[in-house]
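Text of the file start_0.cif, holding mmCIF, C-alpha atoms (C1' of nucleotides):
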data_upload
loop_
_atom_site.label_atom_id
_atom_site.label_comp_id
_atom_site.auth_asym_id
_atom_site.auth_seq_id
_atom_site.Cartn_x
_atom_site.Cartn_y
_atom_site.Cartn_z
CA MET A 429 0.00 0.00 0.00
CA THR A 430 1.16 3.44 0.84
CA ASP A 431 4.79 3.60 1.58
CA VAL A 432 4.57 6.83 3.44
CA LYS A 433 7.82 7.23 5.19
CA SER A 434 7.18 7.90 8.78
CA LYS A 435 9.96 9.21 10.90
CA ARG A 436 7.56 9.59 13.76
CA LEU A 437 7.13 7.61 16.90
CA ALA A 438 5.12 4.93 15.19
CA GLY A 439 7.09 2.46 13.12
CA PRO A 440 6.13 1.65 9.53
CA ALA A 441 4.32 -1.55 10.44
CA VAL A 442 2.18 0.14 13.05
CA PHE A 443 1.46 2.99 10.71
CA GLN A 444 0.44 0.63 7.98
CA THR A 445 -1.91 -1.25 10.27
CA ALA A 446 -3.46 2.02 11.38
CA ASP A 447 -3.87 3.06 7.78
CA ARG A 448 -5.52 -0.20 6.85
CA LEU A 449 -7.92 -0.09 9.78
CA HIS A 450 -8.83 3.46 8.87
CA SER A 451 -9.40 2.58 5.26
CA ALA A 452 -11.43 -0.49 6.21
CA ALA A 453 -13.68 1.63 8.43
CA ILE A 454 -14.31 4.07 5.60
CA HIS A 455 -15.20 1.42 3.08
CA LEU A 456 -17.22 -0.66 5.48
CA LEU A 457 -19.46 2.28 6.27
CA ARG A 458 -19.70 3.30 2.65
CA ARG A 459 -20.91 -0.14 1.67
CA LEU A 460 -23.48 -0.20 4.43
CA ARG A 461 -24.68 3.29 3.73
CA TRP A 462 -27.35 2.45 1.18
CA ARG A 463 -29.04 0.33 3.80
CA ASP A 464 -29.42 3.33 6.04
CA ARG A 465 -31.56 5.10 3.54
CA GLU A 466 -34.25 2.43 3.69
CA SER A 467 -35.11 3.44 7.20
CA GLY A 468 -35.74 7.04 6.21
CA ILE A 469 -33.67 8.14 9.15
CA GLY A 470 -30.15 9.47 8.83
CA PRO A 471 -27.11 7.72 10.24
CA ALA A 472 -26.42 10.31 12.92
CA GLN A 473 -30.00 10.13 14.13
CA LEU A 474 -29.92 6.36 14.13
CA SER A 475 -26.69 6.30 16.08
CA ALA A 476 -27.90 8.82 18.66
CA LEU A 477 -31.16 6.95 19.05
CA SER A 478 -29.28 3.73 19.66
CA VAL A 479 -27.45 5.30 22.57
CA LEU A 480 -30.78 6.22 24.14
CA VAL A 481 -32.35 2.85 23.44
CA PHE A 482 -29.48 0.68 24.61
CA GLY A 483 -27.85 3.04 27.08
CA GLY A 484 -30.94 4.61 28.61
CA PRO A 485 -32.12 8.22 29.02
CA ARG A 486 -29.60 11.02 29.44
CA SER A 487 -29.07 14.72 28.89
CA LEU A 488 -28.28 16.35 25.60
CA GLY A 489 -24.72 17.11 26.58
CA GLU A 490 -24.11 13.54 27.62
CA LEU A 491 -25.53 12.31 24.36
CA ALA A 492 -23.35 14.75 22.44
CA ASP A 493 -20.30 13.47 24.30
CA ALA A 494 -21.25 9.86 23.63
CA GLU A 495 -21.59 10.63 19.95
CA GLN A 496 -18.53 12.83 19.81
CA VAL A 497 -20.33 15.80 18.34
CA ARG A 498 -20.88 19.35 19.57
CA PRO A 499 -24.02 20.31 21.46
CA PRO A 500 -25.54 22.36 18.62
CA THR A 501 -25.19 19.38 16.30
CA MET A 502 -26.85 17.07 18.78
CA SER A 503 -29.53 19.62 19.51
CA ARG A 504 -30.59 19.56 15.88
CA ILE A 505 -30.40 15.77 15.63
CA VAL A 506 -32.63 15.47 18.69
CA THR A 507 -35.07 17.99 17.22
CA SER A 508 -35.42 15.79 14.14
CA LEU A 509 -35.89 12.69 16.25
CA GLU A 510 -38.45 14.45 18.37
CA ARG A 511 -40.40 15.68 15.37
CA ALA A 512 -40.44 12.10 14.11
CA GLY A 513 -41.83 10.94 17.45
CA LEU A 514 -38.83 8.76 18.24
CA VAL A 515 -37.46 10.69 21.19
CA ARG A 516 -39.06 12.63 24.03
CA ARG A 517 -37.58 15.69 25.73
CA SER A 518 -38.60 16.24 29.33
CA ALA A 519 -37.60 18.53 32.19
CA THR A 520 -35.33 17.61 35.07
CA GLU A 521 -34.76 19.09 38.52
CA ASP A 522 -31.93 21.07 37.01
CA GLY A 523 -33.86 23.48 34.88
CA ARG A 524 -31.02 23.80 32.39
CA ARG A 525 -30.91 20.16 31.52
CA VAL A 526 -33.26 18.14 29.42
CA ARG A 527 -33.87 14.46 29.81
CA LEU A 528 -33.85 12.62 26.51
CA GLU A 529 -35.60 9.32 26.24
CA ALA A 530 -36.50 7.04 23.36
CA THR A 531 -40.22 6.56 22.81
CA ALA A 532 -41.72 3.12 22.27
CA ARG A 533 -41.91 3.91 18.59
CA GLY A 534 -38.29 5.04 18.62
CA THR A 535 -37.24 1.78 20.18
CA ARG A 536 -39.12 -0.25 17.61
CA ILE A 537 -37.89 1.79 14.65
CA LEU A 538 -34.35 1.57 15.89
CA GLN A 539 -34.40 -2.14 16.24
CA GLU A 540 -35.82 -2.57 12.78
CA GLY A 541 -33.37 -0.11 11.28
CA ARG A 542 -30.45 -1.53 13.11
CA LEU A 543 -31.35 -4.97 11.94
CA ARG A 544 -31.53 -3.88 8.34
CA ARG A 545 -28.37 -1.90 8.68
CA VAL A 546 -26.07 -4.68 9.74
CA GLU A 547 -27.96 -7.42 7.99
CA SER A 548 -25.71 -7.50 4.94
CA LEU A 549 -22.66 -7.45 7.14
CA ALA A 550 -24.02 -10.28 9.25
CA GLN A 551 -24.69 -12.28 6.10
CA VAL A 552 -21.11 -11.98 4.98
CA LEU A 553 -19.98 -12.96 8.45
CA SER A 554 -22.23 -15.99 8.32
CA SER A 555 -20.44 -17.20 5.25
CA LEU A 556 -17.10 -17.20 7.03
CA PRO A 557 -15.73 -20.24 8.85
CA GLU A 558 -16.57 -20.31 12.52
CA GLU A 559 -12.93 -19.73 13.38
CA ASP A 560 -12.85 -16.41 11.54
CA ARG A 561 -16.11 -15.31 13.08
CA GLN A 562 -14.77 -16.08 16.49
CA ARG A 563 -11.68 -14.07 15.78
CA LEU A 564 -13.67 -11.12 14.49
CA ALA A 565 -15.71 -11.12 17.68
CA GLU A 566 -12.56 -11.05 19.78
CA LEU A 567 -11.04 -8.37 17.64
CA ALA A 568 -14.11 -6.21 17.96
CA ASP A 569 -13.25 -6.06 21.67
CA LEU A 570 -9.72 -5.03 20.93
CA LEU A 571 -10.85 -2.41 18.45
CA GLU A 572 -13.21 -0.91 21.00
CA LEU A 573 -10.35 -0.72 23.41
CA VAL A 574 -8.23 1.10 20.85
CA ILE A 575 -11.03 3.55 20.15
CA ARG A 576 -11.40 4.35 23.81
CA GLY A 577 -7.69 5.11 23.82
CA LEU A 578 -8.04 7.66 21.06
CA MET B 1467 -33.42 -6.96 -3.57
CA THR B 1468 -31.04 -9.45 -2.13
CA ASP B 1469 -33.12 -12.37 -1.05
CA VAL B 1470 -30.21 -14.61 -0.35
CA LYS B 1471 -30.69 -16.52 2.87
CA SER B 1472 -29.28 -19.88 2.03
CA LYS B 1473 -29.73 -21.88 5.18
CA ARG B 1474 -30.71 -19.69 8.04
CA LEU B 1475 -30.52 -16.05 8.88
CA ALA B 1476 -27.59 -14.86 10.85
CA GLY B 1477 -27.68 -16.06 14.43
CA PRO B 1478 -27.61 -13.65 17.36
CA ALA B 1479 -23.88 -14.00 17.89
CA VAL B 1480 -23.06 -13.19 14.31
CA PHE B 1481 -25.50 -10.32 14.35
CA GLN B 1482 -23.97 -8.92 17.48
CA THR B 1483 -20.49 -9.11 16.04
CA ALA B 1484 -21.67 -7.34 12.90
CA ASP B 1485 -23.30 -4.66 14.99
CA ARG B 1486 -20.20 -4.09 17.06
CA LEU B 1487 -17.94 -3.88 14.04
CA HIS B 1488 -20.31 -1.39 12.50
CA SER B 1489 -20.43 0.68 15.63
CA ALA B 1490 -16.65 0.53 16.00
CA ALA B 1491 -16.22 1.80 12.44
CA ILE B 1492 -18.52 4.74 13.15
CA HIS B 1493 -16.74 5.74 16.30
CA LEU B 1494 -13.28 5.21 14.90
CA LEU B 1495 -13.95 7.61 12.06
CA ARG B 1496 -15.64 10.06 14.37
CA ARG B 1497 -12.57 10.18 16.59
CA LEU B 1498 -10.24 10.66 13.68
CA ARG B 1499 -12.38 13.32 12.10
CA TRP B 1500 -10.98 16.28 13.95
CA ARG B 1501 -7.62 15.50 12.42
CA ASP B 1502 -9.13 15.94 8.98
CA ARG B 1503 -9.95 19.51 9.68
CA GLU B 1504 -6.30 20.40 10.04
CA SER B 1505 -5.73 19.67 6.40
CA GLY B 1506 -8.56 21.99 5.39
CA ILE B 1507 -9.87 19.29 3.09
CA GLY B 1508 -12.98 17.27 3.77
CA PRO B 1509 -13.01 13.50 4.19
CA ALA B 1510 -14.78 12.81 0.92
CA GLN B 1511 -12.27 14.93 -0.96
CA LEU B 1512 -9.38 13.27 0.81
CA SER B 1513 -10.71 9.83 0.02
CA ALA B 1514 -11.35 10.62 -3.64
CA LEU B 1515 -7.93 12.18 -3.96
CA SER B 1516 -6.34 9.08 -2.50
CA VAL B 1517 -7.89 6.96 -5.22
CA LEU B 1518 -6.30 9.20 -7.83
CA VAL B 1519 -2.95 9.33 -6.09
CA PHE B 1520 -2.62 5.65 -5.33
CA GLY B 1521 -4.78 4.21 -8.08
CA GLY B 1522 -3.85 6.56 -10.91
CA PRO B 1523 -5.89 8.77 -13.26
CA ARG B 1524 -9.41 7.82 -14.24
CA SER B 1525 -12.76 9.22 -15.35
CA LEU B 1526 -15.28 10.86 -13.11
CA GLY B 1527 -17.68 7.94 -13.37
CA GLU B 1528 -14.99 5.47 -12.43
CA LEU B 1529 -14.02 7.58 -9.49
CA ALA B 1530 -17.65 7.81 -8.39
CA ASP B 1531 -17.91 4.02 -8.58
CA ALA B 1532 -14.73 3.56 -6.62
CA GLU B 1533 -16.02 5.88 -3.95
CA GLN B 1534 -19.53 4.46 -4.01
CA VAL B 1535 -21.21 7.78 -4.63
CA ARG B 1536 -23.36 9.16 -7.46
CA PRO B 1537 -21.84 11.14 -10.31
CA PRO B 1538 -23.27 14.51 -9.24
CA THR B 1539 -21.74 14.06 -5.81
CA MET B 1540 -18.37 13.22 -7.28
CA SER B 1541 -18.63 16.07 -9.77
CA ARG B 1542 -18.91 18.53 -6.93
CA ILE B 1543 -16.10 16.91 -4.94
CA VAL B 1544 -13.82 17.10 -7.98
CA THR B 1545 -14.76 20.73 -8.53
CA SER B 1546 -13.60 21.52 -5.01
CA LEU B 1547 -10.39 19.58 -5.48
CA GLU B 1548 -9.75 21.32 -8.77
CA ARG B 1549 -10.33 24.74 -7.27
CA ALA B 1550 -7.84 23.86 -4.57
CA GLY B 1551 -5.31 22.89 -7.25
CA LEU B 1552 -5.12 19.28 -6.12
CA VAL B 1553 -6.68 17.64 -9.16
CA ARG B 1554 -6.56 18.36 -12.88
CA ARG B 1555 -9.39 17.73 -15.34
CA SER B 1556 -8.32 17.06 -18.92
CA ALA B 1557 -10.00 15.96 -22.12
CA THR B 1558 -9.88 12.45 -23.57
CA GLU B 1559 -10.53 11.04 -27.05
CA ASP B 1560 -14.09 10.42 -25.92
CA GLY B 1561 -15.38 13.96 -25.70
CA ARG B 1562 -17.86 13.03 -23.01
CA ARG B 1563 -15.30 11.77 -20.56
CA VAL B 1564 -12.87 13.71 -18.48
CA ARG B 1565 -9.58 12.43 -17.27
CA LEU B 1566 -8.94 13.17 -13.61
CA GLU B 1567 -5.43 13.25 -12.31
CA ALA B 1568 -3.86 14.34 -9.05
CA THR B 1569 -1.49 17.26 -9.31
CA ALA B 1570 1.91 17.22 -7.64
CA ARG B 1571 0.50 19.43 -4.95
CA GLY B 1572 -2.46 17.10 -4.55
CA THR B 1573 -0.14 14.17 -4.07
CA ARG B 1574 1.87 15.97 -1.46
CA ILE B 1575 -1.14 17.28 0.42
CA LEU B 1576 -2.69 13.85 0.44
CA GLN B 1577 0.32 12.18 1.89
CA GLU B 1578 0.64 14.77 4.59
CA GLY B 1579 -3.05 14.63 5.39
CA ARG B 1580 -3.15 10.88 5.43
CA LEU B 1581 -0.20 10.79 7.75
CA ARG B 1582 -1.78 13.21 10.16
CA ARG B 1583 -5.06 11.39 9.98
CA VAL B 1584 -3.87 8.02 11.10
CA GLU B 1585 -1.14 9.36 13.31
CA SER B 1586 -3.23 9.35 16.46
CA LEU B 1587 -4.44 5.86 15.69
CA ALA B 1588 -0.89 4.69 15.09
CA GLN B 1589 0.14 6.18 18.40
CA VAL B 1590 -2.48 4.23 20.29
CA LEU B 1591 -1.38 1.12 18.45
CA SER B 1592 2.20 1.78 19.45
CA SER B 1593 1.23 1.68 23.08
CA LEU B 1594 -0.23 -1.80 22.76
CA PRO B 1595 1.73 -5.00 23.32
CA GLU B 1596 3.15 -6.48 20.16
CA GLU B 1597 0.72 -9.36 20.41
CA ASP B 1598 -2.29 -7.06 20.20
CA ARG B 1599 -0.79 -5.14 17.33
CA GLN B 1600 -0.32 -8.38 15.51
CA ARG B 1601 -3.95 -9.27 16.10
CA LEU B 1602 -5.11 -5.91 14.84
CA ALA B 1603 -3.16 -6.45 11.65
CA GLU B 1604 -5.06 -9.72 11.28
CA LEU B 1605 -8.26 -7.86 11.89
CA ALA B 1606 -7.44 -5.54 9.03
CA ASP B 1607 -6.96 -8.58 6.81
CA LEU B 1608 -10.26 -10.05 7.86
CA LEU B 1609 -12.09 -6.79 7.48
CA GLU B 1610 -10.79 -6.31 4.00
CA LEU B 1611 -12.01 -9.78 3.16
CA VAL B 1612 -15.42 -9.05 4.63
CA ILE B 1613 -15.68 -5.76 2.75
CA ARG B 1614 -14.92 -7.44 -0.53
CA GLY B 1615 -17.81 -9.78 0.24
CA LEU B 1616 -20.21 -6.91 0.77
"C1'" DT C 94 -27.16 40.19 45.35
"C1'" DG C 95 -24.42 40.31 41.49
"C1'" DA C 96 -20.98 37.80 38.68
"C1'" DT C 97 -19.76 33.69 36.68
"C1'" DT C 98 -20.47 29.12 35.00
"C1'" DT C 99 -23.15 25.66 32.71
"C1'" DA C 100 -26.78 23.67 29.48
"C1'" DG C 101 -28.99 24.19 25.60
"C1'" DT C 102 -30.66 26.70 21.47
"C1'" DT C 103 -30.48 29.64 17.36
"C1'" DA C 104 -28.18 31.47 13.34
"C1'" DG C 105 -25.24 31.00 9.78
"C1'" DC C 106 -21.71 28.56 7.10
"C1'" DA C 107 -19.56 24.36 4.75
"C1'" DT C 108 -19.39 19.56 3.18
"C1'" DA C 109 -21.54 15.77 1.25
"C1'" DG C 110 -25.23 12.77 0.07
"C1'" DC C 111 -29.39 12.25 -3.14
"C1'" DT C 112 -32.78 12.76 -7.47
"C1'" DA C 113 -34.36 15.22 -11.52
"C1'" DA C 114 -33.42 17.55 -15.39
"C1'" DC C 115 -30.25 19.39 -18.63
"C1'" DT C 116 -26.14 19.52 -22.21
"C1'" DA C 117 -22.91 17.46 -25.09
"C1'" DT C 118 -20.90 13.71 -27.30
"C1'" DA C 119 -21.04 8.83 -29.14
"C1'" DT C 120 -23.26 5.08 -30.93
"C1'" DT C 121 -26.94 2.55 -33.29
"C1'" DC C 122 -30.12 1.66 -36.60
"C1'" DC C 123 -33.00 2.65 -40.63
"C1'" DG D 705 -26.34 10.25 -43.83
"C1'" DG D 706 -29.19 11.36 -40.37
"C1'" DA D 707 -32.54 10.52 -36.64
"C1'" DA D 708 -33.07 8.11 -32.42
"C1'" DT D 709 -30.94 6.39 -28.45
"C1'" DA D 710 -27.39 5.79 -25.01
"C1'" DT D 711 -23.73 7.53 -22.13
"C1'" DA D 712 -20.89 11.01 -19.38
"C1'" DG D 713 -21.01 14.96 -16.79
"C1'" DT D 714 -23.02 19.08 -14.94
"C1'" DT D 715 -26.44 22.05 -12.73
"C1'" DA D 716 -30.14 22.93 -9.55
"C1'" DG D 717 -32.27 22.10 -5.50
"C1'" DC D 718 -33.32 19.34 -1.43
"C1'" DT D 719 -31.75 17.04 3.06
"C1'" DA D 720 -28.62 15.70 6.71
"C1'" DT D 721 -24.55 16.63 9.50
"C1'" DG D 722 -20.61 18.83 10.95
"C1'" DC D 723 -18.73 23.36 12.90
"C1'" DT D 724 -18.27 28.20 15.54
"C1'" DA D 725 -20.28 32.33 17.47
"C1'" DA D 726 -23.60 34.39 19.94
"C1'" DC D 727 -27.62 34.16 22.61
"C1'" DT D 728 -31.02 32.71 26.70
"C1'" DA D 729 -32.01 30.66 30.93
"C1'" DA D 730 -30.83 28.44 35.05
"C1'" DA D 731 -27.62 27.28 38.71
"C1'" DT D 732 -23.78 28.33 41.55
"C1'" DC D 733 -20.34 31.15 43.80
"C1'" DA D 734 -18.28 35.09 46.10
#

Let me see whether you can do it: turn the structure in this file into structure tokens.
Amino acid sequence: MTDVKSKRLAGPAVFQTADRLHSAAIHLLRRLRWRDRESGIGPAQLSALSVLVFGGPRSLGELADAEQVRPPTMSRIVTSLERAGLVRRSATEDGRRVRLEATARGTRILQEGRLRRVESLAQVLSSLPEEDRQRLAELADLLELVIRGL
Amino acid sequence: MTDVKSKRLAGPAVFQTADRLHSAAIHLLRRLRWRDRESGIGPAQLSALSVLVFGGPRSLGELADAEQVRPPTMSRIVTSLERAGLVRRSATEDGRRVRLEATARGTRILQEGRLRRVESLAQVLSSLPEEDRQRLAELADLLELVIRGL
DNA sequence: TGATTTAGTTAGCATAGCTAACTATATTCC
DNA sequence: GGAATATAGTTAGCTATGCTAACTAAATCA
């Protein structure tokens, strides 16, 4: 691949691995993107909704942090979700904060959308030998660890 | 649509792995995104430019296919790249087609940007034990295989 | 109480995705 | 040869997502 000469801390092998992981992430998401459109809900909305569905209710700022976006960005995403009836905003004791919670409809829509979204990926995985699937599962752990370290 | 299901649908374990890989890809790119901004060139432009730099000149349609986007989207991306002096449009024998080629400046900018982009990832990788780095390299192999299957 | 901090929103800008509709060139077919 | 069709790109216009700056409202601190 790219023989970018790196005279940095990271050696060439490490840099190449990083580059390949990065490239794989880009192309993986690009291939899955068309599936997103079927749900009629954008990827950022879907991702934010999944945090609320699987992680429980939280404030806007917390959700923005979880999604690694700025508050204004999340504010607009939540507005769209709310208009679509997938998320509910409610007041908290702290009058500045809002409590965001997925509605029943939001939960259902998410699960359907999420299913569709990773369906093609799961199908490819199914075609792999059990050994490879096992390894991918383990490596997903490792990758999550790496991401937390970023 | 793809009505493949040969034996059975993906089991829960496979589905969960697919979901986690998908989620990891999203968050990986999100974390690396701030690095993109330093180059002053958007991710789609960077990615398209990399195809031209590492894959050589090609037509707009071919580039759109490679990047999995529609021609109008690629047309606009190329316009931005051209305005920035990173890509050159030239005529071909077929008067309908354009030949797209990275300029010297485009090549340089890409390499610098790419380096910066994966630098933080490479740094995290550097801090891991050699065994884990080895496993992540395997993961990149597997992911590339999976992506080809998508 | 008044100043500061914190949470969220609004406004405005840019990138990037799409479809529909258009132009220009090539190809096909009578 | 010339009309009809097909192909390559562009333009226009919409939506979704990112950002920063500037604002409002509420809580906290001195």

For a quick test of understanding: name the residues of chain D lying within 12 Å of chain B when counting only C-alpha atoms (C1' of nucleotides), and present them as a PyMOL selection string. chain D and resi 711-716+722-723

Any chance you could lay chain B over chain A, fitting all C-alpha atoms in order by least squares, and write the moved chain as a short mmCIF file (atom, residue, chain, number, x, y, z; two decimals) with C-alpha atoms, in the coordinates of the input?
data_model
loop_
_atom_site.label_atom_id
_atom_site.label_comp_id
_atom_site.auth_asym_id
_atom_site.auth_seq_id
_atom_site.Cartn_x
_atom_site.Cartn_y
_atom_site.Cartn_z
CA MET B 1467 -1.31 19.11 17.79
CA THR B 1468 -0.26 15.61 18.58
CA ASP B 1469 3.46 15.54 18.20
CA VAL B 1470 3.88 12.13 19.69
CA LYS B 1471 6.34 10.06 17.71
CA SER B 1472 8.18 8.22 20.39
CA LYS B 1473 10.68 6.13 18.52
CA ARG B 1474 9.97 6.13 14.86
CA LEU B 1475 7.04 6.87 12.65
CA ALA B 1476 4.88 4.02 11.60
CA GLY B 1477 6.62 1.72 9.16
CA PRO B 1478 5.18 0.97 5.73
CA ALA B 1479 3.57 -2.28 6.83
CA VAL B 1480 1.76 -0.67 9.71
CA PHE B 1481 0.72 2.21 7.52
CA GLN B 1482 -0.63 -0.13 4.91
CA THR B 1483 -2.62 -2.06 7.46
CA ALA B 1484 -4.06 1.18 8.82
CA ASP B 1485 -4.98 2.27 5.33
CA ARG B 1486 -6.70 -0.99 4.53
CA LEU B 1487 -8.68 -1.00 7.75
CA HIS B 1488 -9.75 2.54 7.04
CA SER B 1489 -10.77 1.70 3.53
CA ALA B 1490 -12.60 -1.42 4.69
CA ALA B 1491 -14.58 0.64 7.21
CA ILE B 1492 -15.62 3.08 4.48
CA HIS B 1493 -16.77 0.40 2.13
CA LEU B 1494 -18.47 -1.67 4.79
CA LEU B 1495 -20.64 1.25 5.81
CA ARG B 1496 -21.29 2.19 2.22
CA ARG B 1497 -22.60 -1.30 1.49
CA LEU B 1498 -24.81 -1.32 4.52
CA ARG B 1499 -26.16 2.13 3.86
CA TRP B 1500 -28.97 1.16 1.57
CA ARG B 1501 -30.44 -0.85 4.41
CA ASP B 1502 -30.66 2.31 6.47
CA ARG B 1503 -33.02 3.86 4.03
CA GLU B 1504 -35.63 1.22 4.70
CA SER B 1505 -36.06 2.49 8.21
CA GLY B 1506 -36.64 6.03 6.97
CA ILE B 1507 -34.18 7.27 9.55
CA GLY B 1508 -30.72 8.52 8.73
CA PRO B 1509 -27.52 6.94 10.03
CA ALA B 1510 -26.65 9.79 12.35
CA GLN B 1511 -30.11 9.68 13.89
CA LEU B 1512 -29.95 5.92 14.24
CA SER B 1513 -26.56 6.10 15.90
CA ALA B 1514 -27.59 8.84 18.32
CA LEU B 1515 -30.77 6.99 19.16
CA SER B 1516 -28.79 3.87 19.91
CA VAL B 1517 -26.75 5.73 22.49
CA LEU B 1518 -29.96 6.75 24.24
CA VAL B 1519 -31.52 3.32 24.00
CA PHE B 1520 -28.52 1.31 25.11
CA GLY B 1521 -26.72 3.91 27.19
CA GLY B 1522 -29.71 5.59 28.83
CA PRO B 1523 -30.89 9.21 29.03
CA ARG B 1524 -28.42 12.06 28.94
CA SER B 1525 -27.99 15.71 28.00
CA LEU B 1526 -27.54 17.02 24.51
CA GLY B 1527 -23.91 17.91 25.11
CA GLU B 1528 -23.14 14.46 26.42
CA LEU B 1529 -24.81 12.91 23.45
CA ALA B 1530 -22.84 15.15 21.10
CA ASP B 1531 -19.63 14.07 22.82
CA ALA B 1532 -20.57 10.43 22.60
CA GLU B 1533 -21.26 10.82 18.92
CA GLN B 1534 -18.22 12.99 18.29
CA VAL B 1535 -20.17 15.82 16.72
CA ARG B 1536 -20.70 19.48 17.63
CA PRO B 1537 -23.70 20.59 19.66
CA PRO B 1538 -25.49 22.33 16.78
CA THR B 1539 -25.27 19.15 14.74
CA MET B 1540 -26.68 17.08 17.56
CA SER B 1541 -29.37 19.67 18.25
CA ARG B 1542 -30.68 19.25 14.74
CA ILE B 1543 -30.46 15.45 14.86
CA VAL B 1544 -32.44 15.43 18.12
CA THR B 1545 -35.02 17.77 16.63
CA SER B 1546 -35.60 15.28 13.83
CA LEU B 1547 -35.82 12.39 16.25
CA GLU B 1548 -38.24 14.32 18.42
CA ARG B 1549 -40.44 15.20 15.48
CA ALA B 1550 -40.52 11.53 14.58
CA GLY B 1551 -41.61 10.70 18.13
CA LEU B 1552 -38.53 8.63 18.86
CA VAL B 1553 -36.94 10.85 21.49
CA ARG B 1554 -38.33 13.03 24.27
CA ARG B 1555 -36.78 16.27 25.51
CA SER B 1556 -37.51 17.14 29.13
CA ALA B 1557 -36.33 19.74 31.61
CA THR B 1558 -33.80 19.14 34.38
CA GLU B 1559 -32.98 21.00 37.61
CA ASP B 1560 -30.34 22.86 35.64
CA GLY B 1561 -32.51 25.02 33.43
CA ARG B 1562 -29.89 25.11 30.71
CA ARG B 1563 -29.74 21.38 30.21
CA VAL B 1564 -32.23 19.13 28.55
CA ARG B 1565 -32.70 15.51 29.34
CA LEU B 1566 -32.94 13.33 26.26
CA GLU B 1567 -34.63 9.99 26.46
CA ALA B 1568 -35.72 7.44 23.89
CA THR B 1569 -39.44 6.85 23.70
CA ALA B 1570 -40.90 3.36 23.61
CA ARG B 1571 -41.43 3.79 19.92
CA GLY B 1572 -37.85 4.97 19.51
CA THR B 1573 -36.60 1.87 21.26
CA ARG B 1574 -38.64 -0.40 19.08
CA ILE B 1575 -37.73 1.35 15.85
CA LEU B 1576 -34.08 1.26 16.77
CA GLN B 1577 -34.04 -2.42 17.43
CA GLU B 1578 -35.81 -3.17 14.20
CA GLY B 1579 -33.56 -0.85 12.24
CA ARG B 1580 -30.42 -2.17 13.81
CA LEU B 1581 -31.47 -5.69 13.04
CA ARG B 1582 -32.13 -4.90 9.42
CA ARG B 1583 -28.92 -2.99 9.15
CA VAL B 1584 -26.57 -5.73 10.15
CA GLU B 1585 -28.70 -8.50 8.77
CA SER B 1586 -26.95 -8.61 5.42
CA LEU B 1587 -23.59 -8.56 7.13
CA ALA B 1588 -24.65 -11.36 9.45
CA GLN B 1589 -25.77 -13.38 6.47
CA VAL B 1590 -22.39 -13.12 4.80
CA LEU B 1591 -20.79 -14.10 8.08
CA SER B 1592 -23.06 -17.12 8.30
CA SER B 1593 -21.74 -18.37 5.01
CA LEU B 1594 -18.16 -18.37 6.25
CA PRO B 1595 -16.48 -21.33 7.92
CA GLU B 1596 -16.65 -21.25 11.69
CA GLU B 1597 -12.93 -20.59 11.84
CA ASP B 1598 -13.25 -17.35 9.89
CA ARG B 1599 -16.19 -16.24 11.96
CA GLN B 1600 -14.14 -16.80 15.04
CA ARG B 1601 -11.35 -14.69 13.60
CA LEU B 1602 -13.73 -11.90 12.73
CA ALA B 1603 -14.96 -11.86 16.31
CA GLU B 1604 -11.33 -11.42 17.34
CA LEU B 1605 -11.02 -8.64 14.84
CA ALA B 1606 -13.93 -6.87 16.47
CA ASP B 1607 -12.13 -7.15 19.80
CA LEU B 1608 -8.95 -5.75 18.36
CA LEU B 1609 -10.71 -2.97 16.56
CA GLU B 1610 -12.49 -1.90 19.68
CA LEU B 1611 -9.15 -1.79 21.44
CA VAL B 1612 -7.63 0.27 18.65
CA ILE B 1613 -10.57 2.68 18.66
CA ARG B 1614 -10.24 3.26 22.36
CA GLY B 1615 -6.62 4.18 21.68
CA LEU B 1616 -7.58 6.77 19.10
#

Residues within 10 Å of (-4.6, 16.0, -1.6), file coords, only C-alpha atoms (C1' of nucleotides), listed as a list in words: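 In the file's frame, the residues around the point are Ser1505, Ile1507, Gln1511, Leu1512, Ser1513, Ala1514, Leu1515, Ser1516, Leu1518, Val1519, Leu1547, Ala1550, Gly1551, Leu1552, Val1553, Ala1568, Thr1569, Ala1570, Arg1571, Gly1572, Thr1573, Arg1574, Ile1575, Leu1576, Gln1577, Glu1578, Gly1579 and Arg1580 of chain B.
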
Neighbouring residues of B:Ala1603 were defined as those with any atom within 12 Å, considering all atoms listed in the file; residues of the same chain fewer than 5 positions away were excluded. Please report them as a ChimeraX atom specification. /A:441-450,452,564,567,570-571 /B:1588,1591,1596-1598,1608-1610

Mind giving me the axis-aligned box for stretch 96-107 of chain C with 6 Å on every side, centre plus edges in Å to one decimal, as JSON?
{"center_x": -25.1, "center_y": 30.7, "center_z": 21.7, "size_x": 23.1, "size_y": 26.1, "size_z": 45.9}

Got a sec: who's within 9 Å of D:DA720, counting all atoms listed in the file, leaving out chain neighbours fewer than 3 positions off, as an NGL selection string? (:A and (470-472)) or (:C and (109-110))

Within 12 Å of chain A, which residues of chain C come that close, and what is the closest atom pair and distance in Å for each? Count only C-alpha atoms (C1' of nucleotides) and give it as a tab-separated table.
residue	atom	partner	partner_atom	distance
C:DT99	C1'	A:Arg524	CA	8.1
C:DA100	C1'	A:Arg524	CA	5.1
C:DG101	C1'	A:Arg524	CA	7.1
C:DT102	C1'	A:Pro500	CA	7.3
C:DT103	C1'	A:Pro500	CA	8.9
C:DA104	C1'	A:Pro500	CA	10.9
C:DG110	C1'	A:Arg461	CA	10.2
C:DC111	C1'	A:Arg465	CA	10.0

Could you check how far atom CA of B:Leu1529 sits from atom CA of B:Glu1604, in Å to one decimal? 28.5 Å

Would you work out the distance separating atom CA of B:Arg1583 from atom CA of B:Glu1548, expressed in Å to one decimal?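 Atom CA of B:Arg1583 sits 21.7 Å away from atom CA of B:Glu1548.
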